[in-house]
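**Q** One structure, pasted below without further comment.
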Amino acid sequence: PTAQRDMLSSTLRAIGENLNLVPSRSSIFRRSLASRRAPAPPRASSYRTPSDVCRVETEVKKSRFVALAAPCASADDALRFVKERSDLSASHNCWAFRCGEAQYRFSDDGEPGGTAGQPILNAVRASGLDHCVVLVTRYYGGTQLGTGGLIRAYGGAAQSALELAAKEATEVRAKVDAVVNAAPGDLGKIFLALDEFAAEKIDEEYSDDGSVHIQIECEEEVAETLKERLANATSGRVEFKFWR
């Protein structure tokens with residue numbers, strides 16, 4: 001009998017533990033929402049980018065250099081710009097783009113290695129602009145410029161176009177994804193705070209226990225302040241989580 005009681009107790013404990021492992025619909029939603037909305041790579045910080053295409057033309061020993069600096073949302077966007085704006089009748093169409101610290105490319109397009117694409121990329125990095133593409137098209141004037149001359153010519157043309165672009169650059173503010181977990185009675189205060197901070201509601205769902213889960217997007221620089229604002233407005237009842 002003692003052995004049977006011990007076996008029965010072990011069985012009941014196992015059943016209880018298994019029941020405790022079954023997640024509620026609310027917890028499933030929060031975990032799935034977190035995994036769906038938390039970005040794998042961290043988002044780039046706020047940055048400045050050209051507001052439009054800027055064009056500058058320079059001449060070095062009868063070679064003409066036409067430099068275009070433009071905004072690009074992605075690598076594909078930058079490559080599309082290069083393809084559309086390159087002049088196939090020109091001697092060379094050299095370019096570089098940067099989309100954050102980790103995503104960049106450049107091309108010498110037939111010029112000696114390191115004399116065109118890299119100097120253009122260096123100019124982009126030095127400009128302080130991001131999500132930016134620069135295309136420098138050369139029309140050969142009959143005189144060889146040499147390695148140093150090419151570096152100065154391509155880098156200088158790119159720098160001139162970027163300086164023009166920087167004068168009217170657009171400020172792009174980084175955004176973060178967030179989830180607000182709250183009771184229905186606090187929704188009025190919550191939405192007032194979200195409007196105050198220009199936060200965008202992406203989704204809203206109610207759980208079986210009556211709680212509300214609101215998925216939002218807001219500017220990264222106001223996320224902490226918004227968290228405090230929500231806590232004060234609801235006397236600490238709201239839960240606010242965001243991912244950088």
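Please note that chains go A, B, ... in the order of the structure tokens, that every chain numbers its residues from 1, and that ligands are numbered from 1 in the order shown.
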Determine which residues of segment 113-233 of chain A DSSP labels as alpha helix (DSSP H) from the backbone of this structure, then write them out as a ChimeraX atom specification.
**A** /A:117-127,146-167,187-196,223-233
**Q** For Gly117 of chain A, list every protein, DNA or RNA residue within 10 Å, evaluated using only C-alpha atoms, and leave out those in the same chain fewer than 5 positions away; present the list as a PyMOL selection string.
**A** chain A and resi 93-97+105-109+111-112+122-123+134-136+151+154-155
**Q** Filtering to all heavy atoms, could you give me those residues as a short mmCIF file (atom, residue, chain, number, x, y, z; two decimals), in the first residue's frame?
**A**
```
data_model
loop_
_atom_site.label_atom_id
_atom_site.label_comp_id
_atom_site.auth_asym_id
_atom_site.auth_seq_id
_atom_site.Cartn_x
_atom_site.Cartn_y
_atom_site.Cartn_z
N ASN A 93 31.54 54.51 -65.08
CA ASN A 93 30.47 54.85 -64.13
C ASN A 93 30.84 54.19 -62.79
O ASN A 93 30.56 53.01 -62.58
CB ASN A 93 29.11 54.34 -64.61
CG ASN A 93 28.64 55.08 -65.84
OD1 ASN A 93 28.12 56.19 -65.75
ND2 ASN A 93 28.81 54.47 -67.02
N CYS A 94 31.48 54.95 -61.93
CA CYS A 94 31.97 54.42 -60.66
C CYS A 94 31.04 54.86 -59.54
O CYS A 94 30.48 55.96 -59.59
CB CYS A 94 33.39 54.91 -60.39
SG CYS A 94 34.53 54.52 -61.76
N TRP A 95 30.89 54.04 -58.52
CA TRP A 95 29.87 54.33 -57.51
C TRP A 95 30.20 53.70 -56.17
O TRP A 95 31.05 52.81 -56.07
CB TRP A 95 28.49 53.86 -57.98
CG TRP A 95 28.45 52.41 -58.42
CD1 TRP A 95 28.61 51.94 -59.69
CD2 TRP A 95 28.27 51.26 -57.58
NE1 TRP A 95 28.53 50.57 -59.71
CE2 TRP A 95 28.31 50.13 -58.43
CE3 TRP A 95 28.06 51.08 -56.23
CZ2 TRP A 95 28.16 48.83 -57.95
CZ3 TRP A 95 27.91 49.78 -55.73
CH2 TRP A 95 27.96 48.68 -56.60
N ALA A 96 29.46 54.16 -55.18
CA ALA A 96 29.52 53.58 -53.83
C ALA A 96 28.24 53.93 -53.12
O ALA A 96 27.62 54.96 -53.39
CB ALA A 96 30.72 54.10 -53.06
N PHE A 97 27.82 53.06 -52.20
CA PHE A 97 26.66 53.39 -51.37
C PHE A 97 26.91 52.86 -49.96
O PHE A 97 27.72 51.97 -49.73
CB PHE A 97 25.36 52.81 -51.94
CG PHE A 97 25.22 51.32 -51.82
CD1 PHE A 97 24.80 50.73 -50.62
CD2 PHE A 97 25.51 50.50 -52.89
CE1 PHE A 97 24.67 49.35 -50.51
CE2 PHE A 97 25.38 49.12 -52.79
CZ PHE A 97 24.97 48.54 -51.60
N ARG A 105 28.80 48.99 -50.53
CA ARG A 105 29.46 48.41 -51.70
C ARG A 105 30.03 49.54 -52.53
O ARG A 105 29.60 50.69 -52.43
CB ARG A 105 28.48 47.58 -52.55
CG ARG A 105 28.18 46.19 -51.97
CD ARG A 105 27.20 45.44 -52.84
NE ARG A 105 27.70 45.22 -54.19
CZ ARG A 105 26.98 44.63 -55.16
NH1 ARG A 105 25.73 44.25 -54.92
NH2 ARG A 105 27.49 44.45 -56.36
N PHE A 106 30.99 49.20 -53.39
CA PHE A 106 31.54 50.20 -54.31
C PHE A 106 32.07 49.51 -55.56
O PHE A 106 32.30 48.30 -55.56
CB PHE A 106 32.63 51.03 -53.63
CG PHE A 106 33.79 50.22 -53.11
CD1 PHE A 106 34.87 49.90 -53.92
CD2 PHE A 106 33.81 49.79 -51.78
CE1 PHE A 106 35.94 49.16 -53.44
CE2 PHE A 106 34.87 49.05 -51.30
CZ PHE A 106 35.94 48.74 -52.12
N SER A 107 32.27 50.29 -56.61
CA SER A 107 32.75 49.74 -57.87
C SER A 107 33.68 50.73 -58.56
O SER A 107 33.39 51.93 -58.62
CB SER A 107 31.58 49.43 -58.81
OG SER A 107 32.03 49.12 -60.11
N ASP A 108 34.81 50.20 -59.10
CA ASP A 108 35.75 51.03 -59.87
C ASP A 108 35.38 51.07 -61.36
O ASP A 108 35.92 51.89 -62.10
CB ASP A 108 37.17 50.48 -59.73
CG ASP A 108 37.70 50.57 -58.31
OD1 ASP A 108 37.57 51.65 -57.71
OD2 ASP A 108 38.22 49.57 -57.80
N ASP A 109 34.49 50.17 -61.79
CA ASP A 109 34.01 50.12 -63.17
C ASP A 109 35.12 50.28 -64.19
O ASP A 109 35.05 51.10 -65.11
CB ASP A 109 32.94 51.19 -63.40
CG ASP A 109 32.22 50.99 -64.74
OD1 ASP A 109 32.01 49.82 -65.14
OD2 ASP A 109 31.87 52.00 -65.39
N GLU A 111 38.28 51.31 -63.82
CA GLU A 111 39.41 52.12 -63.40
C GLU A 111 40.36 51.23 -62.56
O GLU A 111 39.94 50.20 -62.04
CB GLU A 111 38.95 53.31 -62.56
CG GLU A 111 38.12 54.34 -63.31
CD GLU A 111 38.96 55.28 -64.19
OE1 GLU A 111 40.05 54.84 -64.66
OE2 GLU A 111 38.53 56.41 -64.43
N PRO A 112 41.64 51.60 -62.44
CA PRO A 112 42.55 50.81 -61.61
C PRO A 112 42.00 50.60 -60.20
O PRO A 112 41.38 51.51 -59.63
CB PRO A 112 43.82 51.67 -61.59
CG PRO A 112 43.76 52.46 -62.86
CD PRO A 112 42.30 52.74 -63.09
N ASN A 122 34.76 56.53 -49.24
CA ASN A 122 35.38 57.31 -48.16
C ASN A 122 34.71 58.68 -48.03
O ASN A 122 34.51 59.17 -46.91
CB ASN A 122 36.87 57.49 -48.44
CG ASN A 122 37.65 56.18 -48.31
OD1 ASN A 122 37.17 55.22 -47.74
ND2 ASN A 122 38.85 56.15 -48.87
N ALA A 123 34.36 59.27 -49.16
CA ALA A 123 33.68 60.57 -49.13
C ALA A 123 32.30 60.45 -48.50
O ALA A 123 31.87 61.32 -47.74
CB ALA A 123 33.59 61.14 -50.54
N VAL A 134 26.30 57.36 -54.24
CA VAL A 134 26.97 58.36 -55.07
C VAL A 134 27.47 57.68 -56.34
O VAL A 134 28.16 56.66 -56.28
CB VAL A 134 28.15 59.03 -54.34
CG1 VAL A 134 28.89 59.98 -55.28
CG2 VAL A 134 27.66 59.78 -53.11
N LEU A 135 27.12 58.25 -57.47
CA LEU A 135 27.55 57.78 -58.78
C LEU A 135 28.40 58.87 -59.42
O LEU A 135 27.96 60.01 -59.52
CB LEU A 135 26.34 57.48 -59.66
CG LEU A 135 26.59 57.20 -61.15
CD1 LEU A 135 27.37 55.91 -61.34
CD2 LEU A 135 25.27 57.14 -61.90
N VAL A 136 29.62 58.52 -59.81
CA VAL A 136 30.50 59.47 -60.49
C VAL A 136 30.80 58.94 -61.88
O VAL A 136 31.44 57.88 -62.02
CB VAL A 136 31.80 59.71 -59.71
CG1 VAL A 136 32.67 60.75 -60.45
CG2 VAL A 136 31.51 60.20 -58.29
N ILE A 151 42.30 59.13 -57.69
CA ILE A 151 41.75 59.13 -56.33
C ILE A 151 41.25 60.51 -55.97
O ILE A 151 40.14 60.66 -55.43
CB ILE A 151 42.83 58.66 -55.33
CG1 ILE A 151 43.13 57.16 -55.54
CG2 ILE A 151 42.37 58.91 -53.89
CD1 ILE A 151 44.29 56.64 -54.71
N TYR A 154 37.99 61.42 -58.34
CA TYR A 154 36.74 60.74 -57.97
C TYR A 154 36.30 61.12 -56.54
O TYR A 154 35.13 61.40 -56.29
CB TYR A 154 36.90 59.22 -58.07
CG TYR A 154 36.74 58.70 -59.48
CD1 TYR A 154 37.85 58.36 -60.25
CD2 TYR A 154 35.47 58.58 -60.05
CE1 TYR A 154 37.71 57.89 -61.55
CE2 TYR A 154 35.31 58.11 -61.36
CZ TYR A 154 36.44 57.77 -62.10
OH TYR A 154 36.28 57.32 -63.39
N GLY A 155 37.26 61.14 -55.62
CA GLY A 155 36.92 61.51 -54.25
C GLY A 155 36.46 62.95 -54.15
O GLY A 155 35.51 63.26 -53.43
#
```
**Q** Quick one: pull the distance between atom CA of Ala169 of chain A and atom CA of Glu101 of chain A, Å, one decimal.
**A**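 Spanning atom CA of Ala169 of chain A to atom CA of Glu101 of chain A is a straight-line distance of 18.6 Å.
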**Q** Neighbours of Cys99 of chain A within 10 Å (only C-alpha atoms; same-chain residues fewer than 3 positions away dropped), as a PyMOL selection string?
**A** chain A and resi 44+49+71-75+78+102-105+129-133
**Q** So what do you get for atom CA of Gly100 of chain A versus atom CA of Gln159 of chain A, distance-wise?
**A**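 Atom-to-atom, atom CA of Gly100 of chain A and atom CA of Gln159 of chain A are spaced 18.6 Å apart.
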**Q** How far is it from atom CA of Ala231 of chain A to atom CA of Glu196 of chain A, in Å with one decimal?
**A**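 Computing the Euclidean distance for atom CA of Ala231 of chain A and atom CA of Glu196 of chain A yields 14.4 Å.
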**Q** Would you pick out the contacts of Cys218 of chain A at 6 Å or less, using only C-alpha atoms, so that residues sharing its chain but fewer than 5 positions from it are not included, and give the list as a list in words?
**A** Lys175, Val176 and Ala199 of chain A
**Q** From the list A:Ala67, A:Ile190, A:Ala165, A:Val53, which residue is nearest Ser86 of chain A when using only C-alpha atoms?
**A**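 Looking at the shortest contact to Ser86 of chain A, the residue is A:Ala67.
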**Q** Could you pull out the residues in segment 3-240 of chain A that DSSP calls strand (DSSP E) from the backbone, as an MDAnalysis selection string?
**A** chainID A and resid 47:49 54:60 63:71 92:98 104:107 132:139 170:172 175:182 200:206 212:219 239:240
**Q** Out of A:Ala166, A:Leu145, A:Ile216, A:Ala198, which residue has the shortest atom-to-atom distance to Ala178 of chain A when counting only C-alpha atoms?
**A** A:Ile216
